[in-house]
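K.L.:
The structure that follows is given in the form of structure tokens.
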Amino acid sequence: MTRTRRRRLLLVGGLFVGLAAAVSLALTAFSENLLYFYQPSEIASGQVPTDTRFRIGGLVEENSVERNSDDLVVRFTLSDCDASVPVRFKGTLPDLFREGQGIVAYGQLEPGGDFVADEVLAKHDENYMSPDVAEAMQDDQGVSCMPTNMQAQR
Amino acid sequence: MAKSAFMRWFHRFGSLPYFYGVSVPIARALAVPGVLLAAWGVYAGLVLAPADYQQGDAFRIIYIHVPSAWLSMFGYTSMAVAGVVALVWRLKLAEIYIVAAAPIGASFTFLALATGSIWGKPMWGTWWVWDARLTSELILLFLYLGVIALHNAIESPRTAARACALLSVVGVINVPIIHYSVEWWNTLHQGPTITRFDRPAMDLDMLWPLLSAALGFTLIFGWLTLWGMRVQLLWRERRSRWVGRMLENSR
């Protein structure tokens, strides 16, 4: 390798390393804002602002979904392993919404502790299987209160 | 200093008339298995694979979505590698590669975004969310468009190529961000199914068609890029003697 080429390579490499460092510093600084949702336990421990709208993500607790017969209001409990939050929502739910499913709700905490959502999105997990396999796996799956990919990895 | 076999190959391949000649059989060798693998993967995915236990048939869009998303990242990474070669060794072929790959990579990025959006509406309940994965993939599309725009905006081909190479190298920082976004932050987009340390979280009769489609589309990407390179090459070398001689002979 000639000297000019080595110099150019160092220049390009240096530029890249510098930029990568800058970007990673910026992303670390902004990482709170990049979080798409908070979790119920973070609400329970008071890490979440109560005066603004935010997103909350968790599992729909088993047997917690209640529907009104005369309008579209749905109530359910959203939980992670440590805490749960009652949620109220009026509207149509996505296809994947069901008990035990991870969802993300957007709305605001009421003073009483209820979360009033005006948008509910279902979060799909990374597992794909045929119905037979899913049925066979049900027995040895055990209780998981939260799909692993929904747990914050900070 | 004895030149290694690799360096000899490197220099020979860098010769433009030589490349123009061998690009035809190489393109053919990519196209045939590429089309076959992609066709089998898509057919097996759409017809033979079982439906998903939760999403039913809607999950089948994965057979387009995942290969497109993979190629959007692979394409940009390969452009960045070519960018380093173009900046350090001033190899014309690397400059041409960037220009040829950008529109194809941009198309696959658009396809990944569009199929994801179409899937997201019924499954998530929304066409679009500003989570880290979707946003960084959108930025990737803008990076591709930036390379294309930069190439068209600068008149001098050498300056344009250098600018595009620089943007490719700089922009590749976004690729690991896209890949790890679902692990670093809470996103609505699900985590990785295939590229994880465990076994893939997918039934094998769903997985094989997906891998076949991904490999097939990658070969097709190579084929199309090679063809784009030939066009770029002829255009940039249109005043050179070897192109003139070739046109003369083909008449």
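Chain labels follow the order of the structure tokens: the first chain is A, the next B, and so on; residue numbering restarts at 1 in every chain, and ligands are counted from 1 in their shown order.
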Can you tell me, as a list of chain:residue names, what residues are no more than 10 Å from B:Ile178 when counting only C-alpha atoms, ignoring any on the same chain fewer than 6 positions away?
P.N.:
B:Ala69, B:Met73, B:Ala132, B:Arg133, B:Leu134, B:Thr135, B:Ser136, B:Glu137, B:Leu138, B:Ile139, B:Leu140
K.L.:
Please check the contacts: residues of chain B at most 10 Å away from chain A, using only C-alpha atoms, listed as a PDB file with C-alpha atoms, in the first residue's frame.
P.N.:
```pdb
ATOM      1  CA  ALA B  49     -46.108 -23.035   4.648  1.00  0.00           C
ATOM      2  CA  PRO B  50     -48.650 -23.410   7.443  1.00  0.00           C
ATOM      3  CA  ALA B  51     -50.606 -20.402   8.645  1.00  0.00           C
ATOM      4  CA  ASP B  52     -49.387 -18.683  11.793  1.00  0.00           C
ATOM      5  CA  TYR B  53     -51.099 -19.613  15.064  1.00  0.00           C
ATOM      6  CA  GLN B  54     -51.937 -15.993  15.842  1.00  0.00           C
ATOM      7  CA  GLN B  55     -51.843 -14.019  12.627  1.00  0.00           C
ATOM      8  CA  GLY B  56     -53.295 -16.628  10.303  1.00  0.00           C
ATOM      9  CA  PHE B  59     -48.031 -13.355   8.356  1.00  0.00           C
ATOM     10  CA  GLY B  83     -17.138   3.651  -0.758  1.00  0.00           C
ATOM     11  CA  VAL B  84     -13.963   2.901   1.210  1.00  0.00           C
ATOM     12  CA  VAL B  85     -12.424   1.258  -1.850  1.00  0.00           C
ATOM     13  CA  LEU B  87     -12.050   6.772  -1.567  1.00  0.00           C
ATOM     14  CA  VAL B  88      -8.782   5.014  -0.788  1.00  0.00           C
ATOM     15  CA  TRP B  89      -7.877   3.211  -4.009  1.00  0.00           C
ATOM     16  CA  ARG B  90      -9.850   5.445  -6.398  1.00  0.00           C
ATOM     17  CA  GLY B 120     -49.088  -3.169  10.518  1.00  0.00           C
ATOM     18  CA  LYS B 121     -52.545  -1.783   9.866  1.00  0.00           C
ATOM     19  CA  PRO B 122     -54.489  -4.985  10.635  1.00  0.00           C
ATOM     20  CA  MET B 123     -52.001  -6.491  13.109  1.00  0.00           C
ATOM     21  CA  TRP B 124     -50.777  -3.574  15.177  1.00  0.00           C
ATOM     22  CA  GLY B 125     -53.728  -1.325  14.447  1.00  0.00           C
ATOM     23  CA  THR B 126     -51.736   1.419  12.727  1.00  0.00           C
ATOM     24  CA  VAL B 129     -45.510   4.525  14.362  1.00  0.00           C
ATOM     25  CA  TRP B 130     -42.406   6.559  15.097  1.00  0.00           C
ATOM     26  CA  ASP B 131     -40.603   3.811  16.959  1.00  0.00           C
ATOM     27  CA  ALA B 132     -36.834   3.336  16.642  1.00  0.00           C
ATOM     28  CA  LEU B 166     -18.409   9.598   1.399  1.00  0.00           C
ATOM     29  CA  VAL B 169     -19.398   5.409   4.316  1.00  0.00           C
ATOM     30  CA  VAL B 170     -20.885   7.925   6.731  1.00  0.00           C
ATOM     31  CA  GLY B 171     -24.455   6.676   6.416  1.00  0.00           C
ATOM     32  CA  VAL B 172     -23.599   3.051   7.132  1.00  0.00           C
ATOM     33  CA  ILE B 173     -23.620   3.954  10.840  1.00  0.00           C
ATOM     34  CA  ASN B 174     -27.379   3.744  10.511  1.00  0.00           C
ATOM     35  CA  ILE B 177     -28.755   1.098  14.551  1.00  0.00           C
ATOM     36  CA  SER B 181     -32.958  -0.821  17.502  1.00  0.00           C
ATOM     37  CA  VAL B 182     -35.385  -3.513  18.617  1.00  0.00           C
ATOM     38  CA  GLU B 183     -32.989  -4.640  21.339  1.00  0.00           C
ATOM     39  CA  TRP B 184     -31.714  -1.275  22.523  1.00  0.00           C
ATOM     40  CA  TRP B 185     -35.085   0.417  22.858  1.00  0.00           C
ATOM     41  CA  ASN B 186     -38.683  -0.517  23.525  1.00  0.00           C
ATOM     42  CA  THR B 187     -40.143  -0.627  20.067  1.00  0.00           C
ATOM     43  CA  LEU B 188     -43.484  -1.658  18.673  1.00  0.00           C
ATOM     44  CA  HIS B 189     -41.634  -3.694  16.064  1.00  0.00           C
ATOM     45  CA  GLN B 190     -40.888  -7.193  17.300  1.00  0.00           C
ATOM     46  CA  GLY B 191     -37.413  -8.477  18.071  1.00  0.00           C
ATOM     47  CA  PRO B 192     -35.258 -10.562  15.726  1.00  0.00           C
ATOM     48  CA  THR B 193     -36.668 -13.963  14.751  1.00  0.00           C
ATOM     49  CA  ILE B 194     -33.792 -15.411  12.749  1.00  0.00           C
ATOM     50  CA  PRO B 200     -34.766 -19.186  15.187  1.00  0.00           C
ATOM     51  CA  ALA B 201     -38.197 -18.637  16.727  1.00  0.00           C
ATOM     52  CA  MET B 202     -39.968 -19.989  13.700  1.00  0.00           C
ATOM     53  CA  ASP B 203     -41.190 -23.337  12.477  1.00  0.00           C
ATOM     54  CA  LEU B 204     -38.778 -24.901  10.025  1.00  0.00           C
ATOM     55  CA  ASP B 205     -41.374 -25.282   7.284  1.00  0.00           C
ATOM     56  CA  MET B 206     -41.949 -21.526   7.562  1.00  0.00           C
ATOM     57  CA  LEU B 207     -38.250 -20.744   7.844  1.00  0.00           C
TER      58      LEU B 207
END
```
K.L.:
Could you please write out, as a PyMOL selection string, every residue of chain A that DSSP assigns to strand (DSSP E)?
P.N.:
chain A and resi 54-60+66-67+73-79+84-90+102-109+115-122
K.L.:
May I have all residues of chain A that DSSP, computed from the backbone, assigns to alpha helix (DSSP H), given as a PDB file with C-alpha atoms, in the first residue's frame?
P.N.:
```
ATOM      1  CA  ARG A   3       1.693   6.245   1.433  1.00  0.00           C
ATOM      2  CA  THR A   4      -1.106   8.255  -0.115  1.00  0.00           C
ATOM      3  CA  ARG A   5      -3.429   5.301   0.099  1.00  0.00           C
ATOM      4  CA  ARG A   6      -2.533   4.660   3.716  1.00  0.00           C
ATOM      5  CA  ARG A   7      -3.148   8.317   4.467  1.00  0.00           C
ATOM      6  CA  ARG A   8      -6.547   8.217   2.748  1.00  0.00           C
ATOM      7  CA  LEU A   9      -7.473   5.018   4.569  1.00  0.00           C
ATOM      8  CA  LEU A  10      -6.581   6.596   7.900  1.00  0.00           C
ATOM      9  CA  LEU A  11      -8.587   9.676   6.979  1.00  0.00           C
ATOM     10  CA  VAL A  12     -11.681   7.668   6.062  1.00  0.00           C
ATOM     11  CA  GLY A  13     -11.268   5.422   9.106  1.00  0.00           C
ATOM     12  CA  GLY A  14     -10.769   8.394  11.411  1.00  0.00           C
ATOM     13  CA  LEU A  15     -13.820  10.130  10.003  1.00  0.00           C
ATOM     14  CA  PHE A  16     -15.902   7.027  10.473  1.00  0.00           C
ATOM     15  CA  VAL A  17     -14.738   6.355  14.037  1.00  0.00           C
ATOM     16  CA  GLY A  18     -15.299   9.976  15.024  1.00  0.00           C
ATOM     17  CA  LEU A  19     -18.750  10.034  13.559  1.00  0.00           C
ATOM     18  CA  ALA A  20     -19.686   6.702  15.119  1.00  0.00           C
ATOM     19  CA  ALA A  21     -18.597   8.008  18.508  1.00  0.00           C
ATOM     20  CA  ALA A  22     -20.645  11.189  18.041  1.00  0.00           C
ATOM     21  CA  VAL A  23     -23.738   9.254  17.004  1.00  0.00           C
ATOM     22  CA  SER A  24     -23.474   6.779  19.867  1.00  0.00           C
ATOM     23  CA  LEU A  25     -23.061   9.623  22.372  1.00  0.00           C
ATOM     24  CA  ALA A  26     -26.097  11.384  20.927  1.00  0.00           C
ATOM     25  CA  LEU A  27     -28.179   8.213  21.010  1.00  0.00           C
ATOM     26  CA  THR A  28     -27.186   7.486  24.604  1.00  0.00           C
ATOM     27  CA  ALA A  29     -28.155  11.014  25.567  1.00  0.00           C
ATOM     28  CA  PHE A  30     -31.510  10.757  23.833  1.00  0.00           C
ATOM     29  CA  SER A  31     -32.235   7.164  24.796  1.00  0.00           C
ATOM     30  CA  GLU A  32     -35.093   8.144  27.141  1.00  0.00           C
ATOM     31  CA  ASN A  33     -36.853   9.897  24.286  1.00  0.00           C
ATOM     32  CA  LEU A  34     -36.332   6.976  21.944  1.00  0.00           C
ATOM     33  CA  PRO A  40     -46.514  -0.627  34.364  1.00  0.00           C
ATOM     34  CA  SER A  41     -43.790  -1.059  36.970  1.00  0.00           C
ATOM     35  CA  GLU A  42     -42.238   2.227  35.898  1.00  0.00           C
ATOM     36  CA  ILE A  43     -45.588   3.893  36.499  1.00  0.00           C
ATOM     37  CA  ALA A  44     -45.892   2.230  39.889  1.00  0.00           C
ATOM     38  CA  PRO A 131     -51.411 -23.808  15.099  1.00  0.00           C
ATOM     39  CA  ASP A 132     -50.495 -27.474  15.822  1.00  0.00           C
ATOM     40  CA  VAL A 133     -47.089 -26.558  17.147  1.00  0.00           C
ATOM     41  CA  ALA A 134     -48.564 -23.759  19.238  1.00  0.00           C
ATOM     42  CA  GLU A 135     -51.010 -26.218  20.776  1.00  0.00           C
ATOM     43  CA  ALA A 136     -48.276 -28.726  21.527  1.00  0.00           C
ATOM     44  CA  MET A 137     -46.142 -26.063  23.140  1.00  0.00           C
TER      45      MET A 137
END
```
K.L.:
For a quick check of understanding, using only C-alpha atoms, which of A:Arg98, A:Arg67, A:Gly58, A:Val116 has the smallest distance to A:Asp80?
P.N.:
A:Gly58
K.L.:
Just the residues within 7 Å of A:Gly107, please, counting only C-alpha atoms, with nothing from its chain fewer than 2 positions along; format it as a PyMOL selection string.
P.N.:
chain A and resi 53-55+105+115-118
K.L.:
I need the chosen residues saved as a CSV table (one decimal), in the first residue's frame, with N, CA and C atoms.
P.N.:
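The resulting file, selection.csv, is shown below:
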```csv
chain,number,residue,atom,x,y,z
A,53,ARG,N,-49.4,13.1,28.1
A,53,ARG,CA,-49.8,11.8,27.5
A,53,ARG,C,-48.5,11.0,27.2
A,54,PHE,N,-48.6,9.7,27.3
A,54,PHE,CA,-47.5,8.8,27.1
A,54,PHE,C,-48.0,7.5,26.7
A,55,ARG,N,-47.1,6.6,26.3
A,55,ARG,CA,-47.5,5.2,25.9
A,55,ARG,C,-47.1,4.3,27.0
A,105,ALA,N,-50.5,1.0,24.7
A,105,ALA,CA,-51.7,1.9,24.7
A,105,ALA,C,-51.1,3.4,24.8
A,115,PHE,N,-55.7,4.4,33.4
A,115,PHE,CA,-55.1,4.9,32.2
A,115,PHE,C,-56.1,5.0,31.2
A,116,VAL,N,-56.4,6.2,30.7
A,116,VAL,CA,-57.4,6.3,29.6
A,116,VAL,C,-56.7,6.4,28.3
A,117,ALA,N,-56.9,5.4,27.5
A,117,ALA,CA,-56.2,5.3,26.2
A,117,ALA,C,-57.1,5.7,25.0
A,118,ASP,N,-56.5,6.4,24.1
A,118,ASP,CA,-57.3,6.7,22.9
A,118,ASP,C,-56.7,5.9,21.7
```
K.L.:
For B:Ala86, find every residue with an atom within 10 Å (counting only C-alpha atoms), except residues of its own chain fewer than 2 positions away, and show them as a VMD selection string.
P.N.:
chain B and resid 79 to 84 88 to 98 161 to 162 164 to 166
K.L.:
Please dump the current selection as a PDB file, in the first residue's frame; keep C-alpha atoms.
P.N.:
```pdb
ATOM      1  CA  MET B  79     -22.099   0.476  -0.844  1.00  0.00           C
ATOM      2  CA  ALA B  80     -20.103   1.582   2.190  1.00  0.00           C
ATOM      3  CA  VAL B  81     -17.442  -1.054   1.506  1.00  0.00           C
ATOM      4  CA  ALA B  82     -17.309   0.103  -2.107  1.00  0.00           C
ATOM      5  CA  GLY B  83     -17.138   3.651  -0.758  1.00  0.00           C
ATOM      6  CA  VAL B  84     -13.963   2.901   1.210  1.00  0.00           C
ATOM      7  CA  VAL B  88      -8.782   5.014  -0.788  1.00  0.00           C
ATOM      8  CA  TRP B  89      -7.877   3.211  -4.009  1.00  0.00           C
ATOM      9  CA  ARG B  90      -9.850   5.445  -6.398  1.00  0.00           C
ATOM     10  CA  LEU B  91     -11.153   2.350  -8.141  1.00  0.00           C
ATOM     11  CA  LYS B  92     -13.644   3.404 -10.795  1.00  0.00           C
ATOM     12  CA  LEU B  93     -15.511   0.145 -10.534  1.00  0.00           C
ATOM     13  CA  ALA B  94     -16.271   0.801  -6.856  1.00  0.00           C
ATOM     14  CA  GLU B  95     -17.574   4.267  -7.713  1.00  0.00           C
ATOM     15  CA  ILE B  96     -19.816   2.769 -10.344  1.00  0.00           C
ATOM     16  CA  TYR B  97     -21.047   0.101  -7.939  1.00  0.00           C
ATOM     17  CA  ILE B  98     -22.361   2.749  -5.528  1.00  0.00           C
ATOM     18  CA  ALA B 161     -18.516   9.655  -7.172  1.00  0.00           C
ATOM     19  CA  ARG B 162     -16.376  10.883  -4.293  1.00  0.00           C
ATOM     20  CA  CYS B 164     -21.505   9.503  -3.023  1.00  0.00           C
ATOM     21  CA  ALA B 165     -18.731   7.305  -1.603  1.00  0.00           C
ATOM     22  CA  LEU B 166     -18.409   9.598   1.399  1.00  0.00           C
TER      23      LEU B 166
END
```
